[in-house]
Amino acid sequence: MVVQVVGKLPNEGKPYYVRNGEGERYLFGTQVASVVATTKSTGDMLEIVQLSGGKGDYFPAHIHEQAQEGIVVLDGRLEVEVNGEKHLLTAGDYVHIPAGTVHSYWMQSHRTRFWSFTINGTVAELYSHIGEPYDKFERPPVCENPLESNCLANIPSNIDIKMVDRKQVSELAQLVKGCAIPKEPKPYVLESGEGVHLLSGDTVHSLLTTKEATDGHFIALVSEGPKGLPIGEHAHEFTNETFMCLQGEMTLWVDGEELHLLPGDFAYVPAKTAHRFRCDAHYTKFLGVLTPGDFEDFFRILGDEYEHPIFPSEPAPYRFDRVIQRIQEIDLTLLGKPPRPSDIEEVS
């Protein structure tokens with residue numbers, strides 16, 4: 001059974017979904033943290049929080065000693081300082097923050113929202129200590145409980161965050177332009193639409209991270225496609241998967257239950273769970289975070305490298321035959337016929 005979360009998250013790693021803005025909400029200053037995944041709810045070291053706030057809202061310099069963090073901007077402008085370098089992120093931009101990296105953020109528009117996901121450390125519990133439970137969905141216009149330094153100084157030791165002093169950086173934040181994914185764990189930023197593009201049929205999968213860049217802990221990717229047919233039902237023995245709808249509309253079947261995801265909605269599909277999905281809008285875009293990172297191999301076998309961030313006007317051949325030939329190398333169990341068999345190119 002797939003649980004729809006309204007408020008408190010589950011305490012075990014079973015399938016569930018959260019509508020946009022739901023989850024466990026905490027208010028600190030005029031920022032709202034909507035926690036949609038914790039180590040308890042996923043049964044994994046994956047945690048995900050949607051943060052929203054207004055112009056001038058911030059979080060001071062800190063590090064995670066164990067956790068790696070990724071940030072994807074949804075709305076507005078977010079200034080992020082990473083190891084002394086300032087970057088101005090807009091919708092769709094990504095910043096990758098390995099463990100031990102000093103970072104902070106300032107919101108630079110009146111309505112800013114972003115997804116923050118952390119892997120390999122407990123971080124999401126932070127918001128229940130620095131904030132108050134919040135029964136509204138949007139931030140208040142006036143701050144009643146400002147973020148105080150003494151509040152940040154009393155964070156329990158089991159939470160993987162350490163506040164640090166930083167020197168004032170006078171340089172202006174630069175808009176994120178281009179950039180590439182490094183071949184080792186180090187900080188980097190990606191402009192919206194950048195990454196490693198892999199085309200499979202009518203869908204472009206753009207890797208925001210690789211297993212090399214995350215030391216094998218996870219991959220994050222954005223998938224974009226048109227309204228179309230569902231992929232085939234399947235499951236993974238070890239891979240846990242998330243679906244975060246960014247634009248458009250999609251249907252996700254999990255253990256036979258049908259879920260309709262709109263922008264901001266979140267679904268968690270743990271290992272050993274049957275699932276498949278379909279894009280239902282003429283342009284659909286969703287973010288996936290998969291742990292561990294080995295499932296990157298599937299996307300590279302199925303897809304061909306592609307120079308564009310948008311799918312082609314005419315779909316490419318859907319090369320699932322290559323997946324079948326190498327299925328022993330991939331954490332994939334097919335639970336029905338191969339997906340979209342009419343699109344599979346025969347190999348002579």
# chains A, B, ... in the order shown; residues from 1 in each chain; ligands from 1
call {"tool": "residues_around", "arguments": {"residues": "Pro226 (chain A)", "least_positions_apart": "2", "cutoff": "8 Å", "atoms": "only C-alpha atoms", "output": "ChimeraX atom specification"}}
result
/A:202-203,224,228,279-284,311
call {"tool": "residues_around", "arguments": {"residues": "region 110-122 of chain A", "least_positions_apart": "3", "cutoff": "9 Å", "atoms": "only C-alpha atoms", "output": "PDB file with N, CA, C and O atoms, in the first residue's frame"}}
result
ATOM      1  N   ALA A  37      11.396  13.689   3.169  1.00  0.00           N
ATOM      2  CA  ALA A  37      12.101  12.415   3.300  1.00  0.00           C
ATOM      3  C   ALA A  37      13.148  12.526   4.395  1.00  0.00           C
ATOM      4  O   ALA A  37      13.896  13.510   4.463  1.00  0.00           O
ATOM      5  N   THR A  38      13.186  11.514   5.269  1.00  0.00           N
ATOM      6  CA  THR A  38      14.190  11.427   6.318  1.00  0.00           C
ATOM      7  C   THR A  38      14.809  10.033   6.297  1.00  0.00           C
ATOM      8  O   THR A  38      14.320   9.135   5.599  1.00  0.00           O
ATOM      9  N   THR A  39      15.859   9.837   7.077  1.00  0.00           N
ATOM     10  CA  THR A  39      16.472   8.510   7.133  1.00  0.00           C
ATOM     11  C   THR A  39      15.475   7.469   7.640  1.00  0.00           C
ATOM     12  O   THR A  39      15.533   6.303   7.239  1.00  0.00           O
ATOM     13  N   ASP A  44      16.887   4.678   4.551  1.00  0.00           N
ATOM     14  CA  ASP A  44      18.104   4.891   3.774  1.00  0.00           C
ATOM     15  C   ASP A  44      18.762   6.149   4.326  1.00  0.00           C
ATOM     16  O   ASP A  44      18.206   6.847   5.167  1.00  0.00           O
ATOM     17  N   MET A  45      19.943   6.471   3.838  1.00  0.00           N
ATOM     18  CA  MET A  45      20.612   7.693   4.272  1.00  0.00           C
ATOM     19  C   MET A  45      20.267   8.874   3.371  1.00  0.00           C
ATOM     20  O   MET A  45      21.062   9.790   3.168  1.00  0.00           O
ATOM     21  N   LEU A  46      19.042   8.864   2.847  1.00  0.00           N
ATOM     22  CA  LEU A  46      18.566   9.930   1.964  1.00  0.00           C
ATOM     23  C   LEU A  46      17.553  10.793   2.704  1.00  0.00           C
ATOM     24  O   LEU A  46      16.624  10.275   3.326  1.00  0.00           O
ATOM     25  N   GLU A  47      17.735  12.117   2.626  1.00  0.00           N
ATOM     26  CA  GLU A  47      16.779  13.061   3.205  1.00  0.00           C
ATOM     27  C   GLU A  47      16.525  14.178   2.192  1.00  0.00           C
ATOM     28  O   GLU A  47      17.436  14.594   1.474  1.00  0.00           O
ATOM     29  N   ILE A  48      15.281  14.659   2.127  1.00  0.00           N
ATOM     30  CA  ILE A  48      14.916  15.691   1.165  1.00  0.00           C
ATOM     31  C   ILE A  48      13.998  16.703   1.840  1.00  0.00           C
ATOM     32  O   ILE A  48      13.044  16.336   2.534  1.00  0.00           O
ATOM     33  N   VAL A  49      14.291  17.985   1.625  1.00  0.00           N
ATOM     34  CA  VAL A  49      13.524  19.081   2.204  1.00  0.00           C
ATOM     35  C   VAL A  49      13.267  20.115   1.109  1.00  0.00           C
ATOM     36  O   VAL A  49      14.163  20.429   0.317  1.00  0.00           O
ATOM     37  N   GLN A  50      12.025  20.630   1.050  1.00  0.00           N
ATOM     38  CA  GLN A  50      11.742  21.785   0.198  1.00  0.00           C
ATOM     39  C   GLN A  50      11.771  23.023   1.080  1.00  0.00           C
ATOM     40  O   GLN A  50      11.038  23.105   2.073  1.00  0.00           O
ATOM     41  N   LEU A  51      12.617  23.982   0.756  1.00  0.00           N
ATOM     42  CA  LEU A  51      12.758  25.209   1.528  1.00  0.00           C
ATOM     43  C   LEU A  51      12.208  26.377   0.725  1.00  0.00           C
ATOM     44  O   LEU A  51      12.472  26.508  -0.473  1.00  0.00           O
ATOM     45  N   SER A  52      11.430  27.232   1.380  1.00  0.00           N
ATOM     46  CA  SER A  52      10.875  28.405   0.725  1.00  0.00           C
ATOM     47  C   SER A  52      11.004  29.606   1.649  1.00  0.00           C
ATOM     48  O   SER A  52      10.984  29.478   2.879  1.00  0.00           O
ATOM     49  N   GLY A  53      11.160  30.763   1.043  1.00  0.00           N
ATOM     50  CA  GLY A  53      11.307  31.976   1.829  1.00  0.00           C
ATOM     51  C   GLY A  53      11.261  33.197   0.943  1.00  0.00           C
ATOM     52  O   GLY A  53      10.857  33.127  -0.223  1.00  0.00           O
ATOM     53  N   GLY A  54      11.679  34.329   1.509  1.00  0.00           N
ATOM     54  CA  GLY A  54      11.608  35.596   0.797  1.00  0.00           C
ATOM     55  C   GLY A  54      12.942  36.293   0.710  1.00  0.00           C
ATOM     56  O   GLY A  54      13.952  35.820   1.243  1.00  0.00           O
ATOM     57  N   LYS A  55      12.939  37.414   0.051  1.00  0.00           N
ATOM     58  CA  LYS A  55      14.156  38.179  -0.173  1.00  0.00           C
ATOM     59  C   LYS A  55      14.819  38.535   1.151  1.00  0.00           C
ATOM     60  O   LYS A  55      14.187  39.083   2.048  1.00  0.00           O
ATOM     61  N   GLY A  56      16.082  38.187   1.283  1.00  0.00           N
ATOM     62  CA  GLY A  56      16.819  38.466   2.513  1.00  0.00           C
ATOM     63  C   GLY A  56      16.907  37.304   3.467  1.00  0.00           C
ATOM     64  O   GLY A  56      17.727  37.323   4.403  1.00  0.00           O
ATOM     65  N   HIS A  64      28.630  20.012   6.541  1.00  0.00           N
ATOM     66  CA  HIS A  64      28.171  18.676   6.918  1.00  0.00           C
ATOM     67  C   HIS A  64      29.403  17.776   6.871  1.00  0.00           C
ATOM     68  O   HIS A  64      30.054  17.665   5.828  1.00  0.00           O
ATOM     69  N   GLU A  65      29.719  17.153   7.983  1.00  0.00           N
ATOM     70  CA  GLU A  65      30.941  16.353   8.027  1.00  0.00           C
ATOM     71  C   GLU A  65      30.788  15.012   7.316  1.00  0.00           C
ATOM     72  O   GLU A  65      31.769  14.450   6.830  1.00  0.00           O
ATOM     73  N   GLN A  66      29.558  14.492   7.242  1.00  0.00           N
ATOM     74  CA  GLN A  66      29.313  13.203   6.598  1.00  0.00           C
ATOM     75  C   GLN A  66      28.462  13.328   5.336  1.00  0.00           C
ATOM     76  O   GLN A  66      28.683  12.612   4.356  1.00  0.00           O
ATOM     77  N   ALA A  67      27.490  14.191   5.366  1.00  0.00           N
ATOM     78  CA  ALA A  67      26.487  14.244   4.298  1.00  0.00           C
ATOM     79  C   ALA A  67      26.974  15.039   3.089  1.00  0.00           C
ATOM     80  O   ALA A  67      27.602  16.088   3.218  1.00  0.00           O
ATOM     81  N   GLN A  68      26.631  14.522   1.902  1.00  0.00           N
ATOM     82  CA  GLN A  68      26.727  15.290   0.669  1.00  0.00           C
ATOM     83  C   GLN A  68      25.367  15.954   0.436  1.00  0.00           C
ATOM     84  O   GLN A  68      24.336  15.389   0.763  1.00  0.00           O
ATOM     85  N   GLU A  69      25.386  17.140  -0.139  1.00  0.00           N
ATOM     86  CA  GLU A  69      24.142  17.868  -0.372  1.00  0.00           C
ATOM     87  C   GLU A  69      24.039  18.305  -1.830  1.00  0.00           C
ATOM     88  O   GLU A  69      25.029  18.666  -2.465  1.00  0.00           O
ATOM     89  N   GLY A  70      22.826  18.268  -2.356  1.00  0.00           N
ATOM     90  CA  GLY A  70      22.532  18.820  -3.668  1.00  0.00           C
ATOM     91  C   GLY A  70      21.365  19.782  -3.545  1.00  0.00           C
ATOM     92  O   GLY A  70      20.429  19.530  -2.773  1.00  0.00           O
ATOM     93  N   ILE A  71      21.401  20.881  -4.273  1.00  0.00           N
ATOM     94  CA  ILE A  71      20.338  21.886  -4.252  1.00  0.00           C
ATOM     95  C   ILE A  71      19.884  22.141  -5.684  1.00  0.00           C
ATOM     96  O   ILE A  71      20.712  22.419  -6.563  1.00  0.00           O
ATOM     97  N   VAL A  72      18.562  22.043  -5.915  1.00  0.00           N
ATOM     98  CA  VAL A  72      17.960  22.381  -7.199  1.00  0.00           C
ATOM     99  C   VAL A  72      16.955  23.509  -6.961  1.00  0.00           C
ATOM    100  O   VAL A  72      16.021  23.355  -6.161  1.00  0.00           O
ATOM    101  N   VAL A  73      17.134  24.639  -7.624  1.00  0.00           N
ATOM    102  CA  VAL A  73      16.258  25.789  -7.436  1.00  0.00           C
ATOM    103  C   VAL A  73      14.971  25.582  -8.222  1.00  0.00           C
ATOM    104  O   VAL A  73      14.986  25.190  -9.390  1.00  0.00           O
ATOM    105  N   LEU A  74      13.839  25.857  -7.566  1.00  0.00           N
ATOM    106  CA  LEU A  74      12.526  25.742  -8.195  1.00  0.00           C
ATOM    107  C   LEU A  74      11.998  27.101  -8.655  1.00  0.00           C
ATOM    108  O   LEU A  74      11.483  27.232  -9.764  1.00  0.00           O
ATOM    109  N   ASP A  75      12.089  28.103  -7.787  1.00  0.00           N
ATOM    110  CA  ASP A  75      11.582  29.444  -8.100  1.00  0.00           C
ATOM    111  C   ASP A  75      12.531  30.478  -7.523  1.00  0.00           C
ATOM    112  O   ASP A  75      13.179  30.251  -6.488  1.00  0.00           O
ATOM    113  N   GLY A  76      12.570  31.647  -8.172  1.00  0.00           N
ATOM    114  CA  GLY A  76      13.282  32.777  -7.611  1.00  0.00           C
ATOM    115  C   GLY A  76      14.780  32.753  -7.877  1.00  0.00           C
ATOM    116  O   GLY A  76      15.274  32.106  -8.802  1.00  0.00           O
ATOM    117  N   ARG A  77      15.516  33.475  -7.017  1.00  0.00           N
ATOM    118  CA  ARG A  77      16.968  33.594  -7.130  1.00  0.00           C
ATOM    119  C   ARG A  77      17.589  33.238  -5.788  1.00  0.00           C
ATOM    120  O   ARG A  77      17.187  33.748  -4.746  1.00  0.00           O
ATOM    121  N   LEU A  78      18.592  32.372  -5.820  1.00  0.00           N
ATOM    122  CA  LEU A  78      19.248  31.902  -4.602  1.00  0.00           C
ATOM    123  C   LEU A  78      20.747  32.128  -4.731  1.00  0.00           C
ATOM    124  O   LEU A  78      21.385  31.593  -5.643  1.00  0.00           O
ATOM    125  N   ALA A  91      15.976  29.365 -11.444  1.00  0.00           N
ATOM    126  CA  ALA A  91      15.201  28.127 -11.558  1.00  0.00           C
ATOM    127  C   ALA A  91      15.903  27.108 -12.455  1.00  0.00           C
ATOM    128  O   ALA A  91      16.311  27.417 -13.574  1.00  0.00           O
ATOM    129  N   MET A 107      18.501  34.160   0.074  1.00  0.00           N
ATOM    130  CA  MET A 107      17.434  34.251  -0.919  1.00  0.00           C
ATOM    131  C   MET A 107      17.380  35.677  -1.456  1.00  0.00           C
ATOM    132  O   MET A 107      17.347  36.629  -0.671  1.00  0.00           O
ATOM    133  N   GLU A 125      16.484  16.613  10.522  1.00  0.00           N
ATOM    134  CA  GLU A 125      15.982  16.819  11.884  1.00  0.00           C
ATOM    135  C   GLU A 125      16.316  18.222  12.403  1.00  0.00           C
ATOM    136  O   GLU A 125      15.700  18.709  13.358  1.00  0.00           O
ATOM    137  N   LEU A 126      17.272  18.866  11.761  1.00  0.00           N
ATOM    138  CA  LEU A 126      17.671  20.212  12.160  1.00  0.00           C
ATOM    139  C   LEU A 126      16.483  21.153  12.302  1.00  0.00           C
ATOM    140  O   LEU A 126      16.394  21.936  13.256  1.00  0.00           O
ATOM    141  N   ASN A 158      23.866  14.690  17.214  1.00  0.00           N
ATOM    142  CA  ASN A 158      23.557  13.645  16.236  1.00  0.00           C
ATOM    143  C   ASN A 158      23.166  14.211  14.874  1.00  0.00           C
ATOM    144  O   ASN A 158      23.068  13.474  13.897  1.00  0.00           O
ATOM    145  N   ILE A 159      22.939  15.521  14.797  1.00  0.00           N
ATOM    146  CA  ILE A 159      22.605  16.159  13.523  1.00  0.00           C
ATOM    147  C   ILE A 159      23.897  16.588  12.850  1.00  0.00           C
ATOM    148  O   ILE A 159      24.739  17.246  13.449  1.00  0.00           O
ATOM    149  N   ASP A 160      24.047  16.210  11.588  1.00  0.00           N
ATOM    150  CA  ASP A 160      25.300  16.411  10.877  1.00  0.00           C
ATOM    151  C   ASP A 160      25.387  17.829  10.311  1.00  0.00           C
ATOM    152  O   ASP A 160      25.285  18.052   9.103  1.00  0.00           O
ATOM    153  N   ILE A 161      25.556  18.787  11.208  1.00  0.00           N
ATOM    154  CA  ILE A 161      25.767  20.168  10.795  1.00  0.00           C
ATOM    155  C   ILE A 161      26.652  20.851  11.825  1.00  0.00           C
ATOM    156  O   ILE A 161      26.495  20.645  13.033  1.00  0.00           O
ATOM    157  N   HIS A 217      27.615   7.176  -3.830  1.00  0.00           N
ATOM    158  CA  HIS A 217      26.496   7.212  -2.889  1.00  0.00           C
ATOM    159  C   HIS A 217      25.145   7.449  -3.568  1.00  0.00           C
ATOM    160  O   HIS A 217      24.124   6.949  -3.110  1.00  0.00           O
ATOM    161  N   PHE A 218      25.125   8.244  -4.656  1.00  0.00           N
ATOM    162  CA  PHE A 218      23.840   8.538  -5.306  1.00  0.00           C
ATOM    163  C   PHE A 218      24.095   9.116  -6.688  1.00  0.00           C
ATOM    164  O   PHE A 218      25.229   9.480  -7.043  1.00  0.00           O
ATOM    165  N   VAL A 289      16.379  11.292  -7.592  1.00  0.00           N
ATOM    166  CA  VAL A 289      17.578  11.022  -6.807  1.00  0.00           C
ATOM    167  C   VAL A 289      17.564   9.534  -6.502  1.00  0.00           C
ATOM    168  O   VAL A 289      16.585   9.019  -5.942  1.00  0.00           O
ATOM    169  N   THR A 291      19.632   6.123  -4.896  1.00  0.00           N
ATOM    170  CA  THR A 291      20.711   5.635  -4.041  1.00  0.00           C
ATOM    171  C   THR A 291      20.741   4.104  -4.092  1.00  0.00           C
ATOM    172  O   THR A 291      19.688   3.469  -4.098  1.00  0.00           O
TER     173      THR A 291
END
call {"tool": "residues_around", "arguments": {"residues": "Glu22 (chain A)", "least_positions_apart": "4", "cutoff": "8 Å", "atoms": "only C-alpha atoms", "output": "list in words"}}
result
Val5, Val6, Gly7, Val18, Ser34, Val36 and Phe137 of chain A
call {"tool": "write_last_selection", "arguments": {"atoms": "all heavy atoms", "output": "PDB file, in the first residue's frame"}}
result
ATOM      1  N   VAL A   5       1.104  11.071   2.478  1.00  0.00           N
ATOM      2  CA  VAL A   5       1.524  11.746   3.696  1.00  0.00           C
ATOM      3  C   VAL A   5       0.835  13.093   3.812  1.00  0.00           C
ATOM      4  O   VAL A   5       0.877  13.910   2.890  1.00  0.00           O
ATOM      5  CB  VAL A   5       3.051  11.935   3.711  1.00  0.00           C
ATOM      6  CG1 VAL A   5       3.468  12.831   4.870  1.00  0.00           C
ATOM      7  CG2 VAL A   5       3.748  10.585   3.805  1.00  0.00           C
ATOM      8  N   VAL A   6       0.175  13.306   4.940  1.00  0.00           N
ATOM      9  CA  VAL A   6      -0.344  14.613   5.311  1.00  0.00           C
ATOM     10  C   VAL A   6       0.175  14.872   6.727  1.00  0.00           C
ATOM     11  O   VAL A   6      -0.356  14.350   7.696  1.00  0.00           O
ATOM     12  CB  VAL A   6      -1.877  14.675   5.270  1.00  0.00           C
ATOM     13  CG1 VAL A   6      -2.352  16.055   5.719  1.00  0.00           C
ATOM     14  CG2 VAL A   6      -2.396  14.346   3.879  1.00  0.00           C
ATOM     15  N   GLY A   7       1.240  15.647   6.818  1.00  0.00           N
ATOM     16  CA  GLY A   7       1.849  15.859   8.124  1.00  0.00           C
ATOM     17  C   GLY A   7       2.986  14.895   8.356  1.00  0.00           C
ATOM     18  O   GLY A   7       3.949  14.863   7.608  1.00  0.00           O
ATOM     19  N   VAL A  18       3.944  12.581  -1.286  1.00  0.00           N
ATOM     20  CA  VAL A  18       3.663  13.822  -0.569  1.00  0.00           C
ATOM     21  C   VAL A  18       3.255  14.874  -1.596  1.00  0.00           C
ATOM     22  O   VAL A  18       4.002  15.143  -2.541  1.00  0.00           O
ATOM     23  CB  VAL A  18       4.897  14.318   0.213  1.00  0.00           C
ATOM     24  CG1 VAL A  18       4.548  15.545   1.042  1.00  0.00           C
ATOM     25  CG2 VAL A  18       5.468  13.212   1.095  1.00  0.00           C
ATOM     26  N   SER A  34       9.677  22.196   4.387  1.00  0.00           N
ATOM     27  CA  SER A  34       8.739  21.089   4.225  1.00  0.00           C
ATOM     28  C   SER A  34       9.564  19.819   4.039  1.00  0.00           C
ATOM     29  O   SER A  34      10.138  19.578   2.970  1.00  0.00           O
ATOM     30  CB  SER A  34       7.836  21.313   3.004  1.00  0.00           C
ATOM     31  OG  SER A  34       7.069  22.485   3.156  1.00  0.00           O
ATOM     32  N   VAL A  36      10.174  16.125   3.322  1.00  0.00           N
ATOM     33  CA  VAL A  36       9.446  15.061   2.631  1.00  0.00           C
ATOM     34  C   VAL A  36      10.146  13.708   2.717  1.00  0.00           C
ATOM     35  O   VAL A  36       9.546  12.687   2.374  1.00  0.00           O
ATOM     36  CB  VAL A  36       9.189  15.419   1.151  1.00  0.00           C
ATOM     37  CG1 VAL A  36       8.377  16.698   1.039  1.00  0.00           C
ATOM     38  CG2 VAL A  36      10.480  15.526   0.359  1.00  0.00           C
ATOM     39  N   PHE A 137       0.908  26.788   4.662  1.00  0.00           N
ATOM     40  CA  PHE A 137       1.694  26.280   3.549  1.00  0.00           C
ATOM     41  C   PHE A 137       2.669  27.315   3.001  1.00  0.00           C
ATOM     42  O   PHE A 137       3.731  26.981   2.527  1.00  0.00           O
ATOM     43  CB  PHE A 137       0.768  25.792   2.425  1.00  0.00           C
ATOM     44  CG  PHE A 137      -0.080  24.637   2.840  1.00  0.00           C
ATOM     45  CD1 PHE A 137      -1.352  24.845   3.358  1.00  0.00           C
ATOM     46  CD2 PHE A 137       0.393  23.347   2.742  1.00  0.00           C
ATOM     47  CE1 PHE A 137      -2.140  23.771   3.761  1.00  0.00           C
ATOM     48  CE2 PHE A 137      -0.371  22.267   3.131  1.00  0.00           C
ATOM     49  CZ  PHE A 137      -1.650  22.483   3.648  1.00  0.00           C
TER      50      PHE A 137
END
call {"tool": "atom_distance", "arguments": {"atom1": "CA of Gly43 (chain A)", "atom2": "CA of Glu329 (chain A)"}}
result
24.8 Å
call {"tool": "select_by_dssp", "arguments": {"residues": "region 196-342 of chain A", "states": "alpha helix (DSSP H)", "output": "number ranges by chain"}}
result
A: 296-302, 320-325
call {"tool": "residues_around", "arguments": {"residues": "Gly193 (chain A)", "least_positions_apart": "2", "cutoff": "10 Å", "atoms": "only C-alpha atoms", "output": "mmCIF file with all heavy atoms, in the first residue's frame"}}
result
data_model
loop_
_atom_site.group_PDB
_atom_site.id
_atom_site.type_symbol
_atom_site.label_atom_id
_atom_site.label_comp_id
_atom_site.auth_asym_id
_atom_site.auth_seq_id
_atom_site.Cartn_x
_atom_site.Cartn_y
_atom_site.Cartn_z
ATOM 1 N N GLY A 92 16.044 25.902 -11.944
ATOM 2 C CA GLY A 92 16.650 24.809 -12.675
ATOM 3 C C GLY A 92 18.128 24.628 -12.428
ATOM 4 O O GLY A 92 18.694 23.572 -12.758
ATOM 5 N N ASP A 93 18.806 25.636 -11.847
ATOM 6 C CA ASP A 93 20.236 25.516 -11.568
ATOM 7 C C ASP A 93 20.474 24.528 -10.427
ATOM 8 O O ASP A 93 19.618 24.330 -9.558
ATOM 9 C CB ASP A 93 20.835 26.866 -11.203
ATOM 10 C CG ASP A 93 20.868 27.846 -12.361
ATOM 11 O OD1 ASP A 93 20.658 27.416 -13.511
ATOM 12 O OD2 ASP A 93 21.103 29.044 -12.110
ATOM 13 N N TYR A 94 21.681 23.936 -10.432
ATOM 14 C CA TYR A 94 22.032 22.913 -9.442
ATOM 15 C C TYR A 94 23.390 23.240 -8.832
ATOM 16 O O TYR A 94 24.308 23.689 -9.538
ATOM 17 C CB TYR A 94 22.105 21.536 -10.116
ATOM 18 C CG TYR A 94 22.633 20.427 -9.222
ATOM 19 C CD1 TYR A 94 21.842 19.902 -8.201
ATOM 20 C CD2 TYR A 94 23.913 19.914 -9.390
ATOM 21 C CE1 TYR A 94 22.320 18.891 -7.376
ATOM 22 C CE2 TYR A 94 24.397 18.907 -8.568
ATOM 23 C CZ TYR A 94 23.599 18.396 -7.564
ATOM 24 O OH TYR A 94 24.073 17.398 -6.743
ATOM 25 N N GLY A 178 26.822 27.390 -17.670
ATOM 26 C CA GLY A 178 27.481 26.165 -18.120
ATOM 27 C C GLY A 178 27.968 25.305 -16.986
ATOM 28 O O GLY A 178 27.210 24.897 -16.118
ATOM 29 N N LEU A 190 25.869 23.761 -11.857
ATOM 30 C CA LEU A 190 25.419 23.500 -13.217
ATOM 31 C C LEU A 190 24.284 24.456 -13.551
ATOM 32 O O LEU A 190 23.332 24.592 -12.785
ATOM 33 C CB LEU A 190 24.898 22.064 -13.373
ATOM 34 C CG LEU A 190 25.892 20.910 -13.431
ATOM 35 C CD1 LEU A 190 25.134 19.598 -13.542
ATOM 36 C CD2 LEU A 190 26.859 21.065 -14.590
ATOM 37 N N GLU A 191 24.395 25.091 -14.695
ATOM 38 C CA GLU A 191 23.299 25.908 -15.186
ATOM 39 C C GLU A 191 22.140 25.013 -15.599
ATOM 40 O O GLU A 191 22.332 23.870 -16.044
ATOM 41 C CB GLU A 191 23.771 26.720 -16.400
ATOM 42 C CG GLU A 191 22.744 27.664 -16.972
ATOM 43 C CD GLU A 191 23.245 28.389 -18.199
ATOM 44 O OE1 GLU A 191 24.401 28.139 -18.623
ATOM 45 O OE2 GLU A 191 22.474 29.207 -18.752
ATOM 46 N N GLY A 195 24.581 19.373 -17.867
ATOM 47 C CA GLY A 195 24.732 18.021 -17.342
ATOM 48 C C GLY A 195 25.083 17.071 -18.469
ATOM 49 O O GLY A 195 25.372 17.479 -19.600
ATOM 50 N N VAL A 196 25.072 15.792 -18.188
ATOM 51 C CA VAL A 196 25.331 14.759 -19.193
ATOM 52 C C VAL A 196 23.993 14.316 -19.750
ATOM 53 O O VAL A 196 23.190 13.698 -19.039
ATOM 54 C CB VAL A 196 26.089 13.566 -18.578
ATOM 55 C CG1 VAL A 196 26.282 12.468 -19.627
ATOM 56 C CG2 VAL A 196 27.431 14.011 -18.009
ATOM 57 N N HIS A 197 23.707 14.618 -21.022
ATOM 58 C CA HIS A 197 22.427 14.304 -21.645
ATOM 59 C C HIS A 197 22.480 12.936 -22.310
ATOM 60 O O HIS A 197 23.385 12.654 -23.110
ATOM 61 C CB HIS A 197 22.060 15.362 -22.688
ATOM 62 C CG HIS A 197 22.082 16.758 -22.168
ATOM 63 N ND1 HIS A 197 21.414 17.133 -21.029
ATOM 64 C CD2 HIS A 197 22.707 17.875 -22.635
ATOM 65 C CE1 HIS A 197 21.613 18.416 -20.811
ATOM 66 N NE2 HIS A 197 22.401 18.886 -21.766
ATOM 67 N N SER A 206 19.096 13.850 -18.092
ATOM 68 C CA SER A 206 20.273 14.705 -17.904
ATOM 69 C C SER A 206 20.838 14.465 -16.511
ATOM 70 O O SER A 206 20.214 14.812 -15.502
ATOM 71 C CB SER A 206 19.905 16.178 -18.073
ATOM 72 O OG SER A 206 19.418 16.424 -19.379
ATOM 73 N N LEU A 208 22.751 15.198 -13.367
ATOM 74 C CA LEU A 208 23.284 16.338 -12.620
ATOM 75 C C LEU A 208 24.500 15.923 -11.803
ATOM 76 O O LEU A 208 25.331 16.754 -11.441
ATOM 77 C CB LEU A 208 22.222 16.913 -11.679
ATOM 78 C CG LEU A 208 20.900 17.349 -12.312
ATOM 79 C CD1 LEU A 208 19.980 17.927 -11.243
ATOM 80 C CD2 LEU A 208 21.118 18.346 -13.429
ATOM 81 N N VAL A 222 17.671 14.859 -14.141
ATOM 82 C CA VAL A 222 16.416 15.462 -14.578
ATOM 83 C C VAL A 222 16.000 14.776 -15.866
ATOM 84 O O VAL A 222 16.806 14.639 -16.793
ATOM 85 C CB VAL A 222 16.573 16.977 -14.797
ATOM 86 C CG1 VAL A 222 15.356 17.547 -15.511
ATOM 87 C CG2 VAL A 222 16.773 17.682 -13.458
ATOM 88 N N HIS A 308 21.700 18.062 -26.739
ATOM 89 C CA HIS A 308 20.651 19.024 -26.425
ATOM 90 C C HIS A 308 19.952 18.694 -25.103
ATOM 91 O O HIS A 308 19.833 17.526 -24.732
ATOM 92 C CB HIS A 308 19.616 19.062 -27.546
ATOM 93 C CG HIS A 308 20.203 19.289 -28.902
ATOM 94 N ND1 HIS A 308 20.804 20.475 -29.257
ATOM 95 C CD2 HIS A 308 20.299 18.465 -29.978
ATOM 96 C CE1 HIS A 308 21.248 20.386 -30.508
ATOM 97 N NE2 HIS A 308 20.948 19.180 -30.970
ATOM 98 N N PRO A 309 19.421 19.704 -24.399
ATOM 99 C CA PRO A 309 18.707 19.450 -23.146
ATOM 100 C C PRO A 309 17.218 19.177 -23.343
ATOM 101 O O PRO A 309 16.510 18.932 -22.374
ATOM 102 C CB PRO A 309 18.917 20.750 -22.364
ATOM 103 C CG PRO A 309 18.993 21.797 -23.435
ATOM 104 C CD PRO A 309 19.673 21.147 -24.602
ATOM 105 N N ILE A 310 16.729 19.235 -24.586
ATOM 106 C CA ILE A 310 15.314 19.020 -24.864
ATOM 107 C C ILE A 310 15.200 17.851 -25.838
ATOM 108 O O ILE A 310 16.065 17.662 -26.690
ATOM 109 C CB ILE A 310 14.657 20.301 -25.443
ATOM 110 C CG1 ILE A 310 13.162 20.120 -25.696
ATOM 111 C CG2 ILE A 310 15.357 20.733 -26.720
ATOM 112 C CD1 ILE A 310 12.342 20.095 -24.446
#
call {"tool": "select_by_dssp", "arguments": {"residues": "region 66-248 of chain A", "states": "strand (DSSP E)", "output": "PyMOL selection string"}}
result
chain A and resi 68-75+78-82+85-89+94-97+103-107+112-119+132-133+162-163+174-175+188-190+196-200+203-207+219-225+234-235+240-247
call {"tool": "atom_distance", "arguments": {"atom1": "CA of Phe277 (chain A)", "atom2": "CA of Glu237 (chain A)"}}
result
18.3 Å
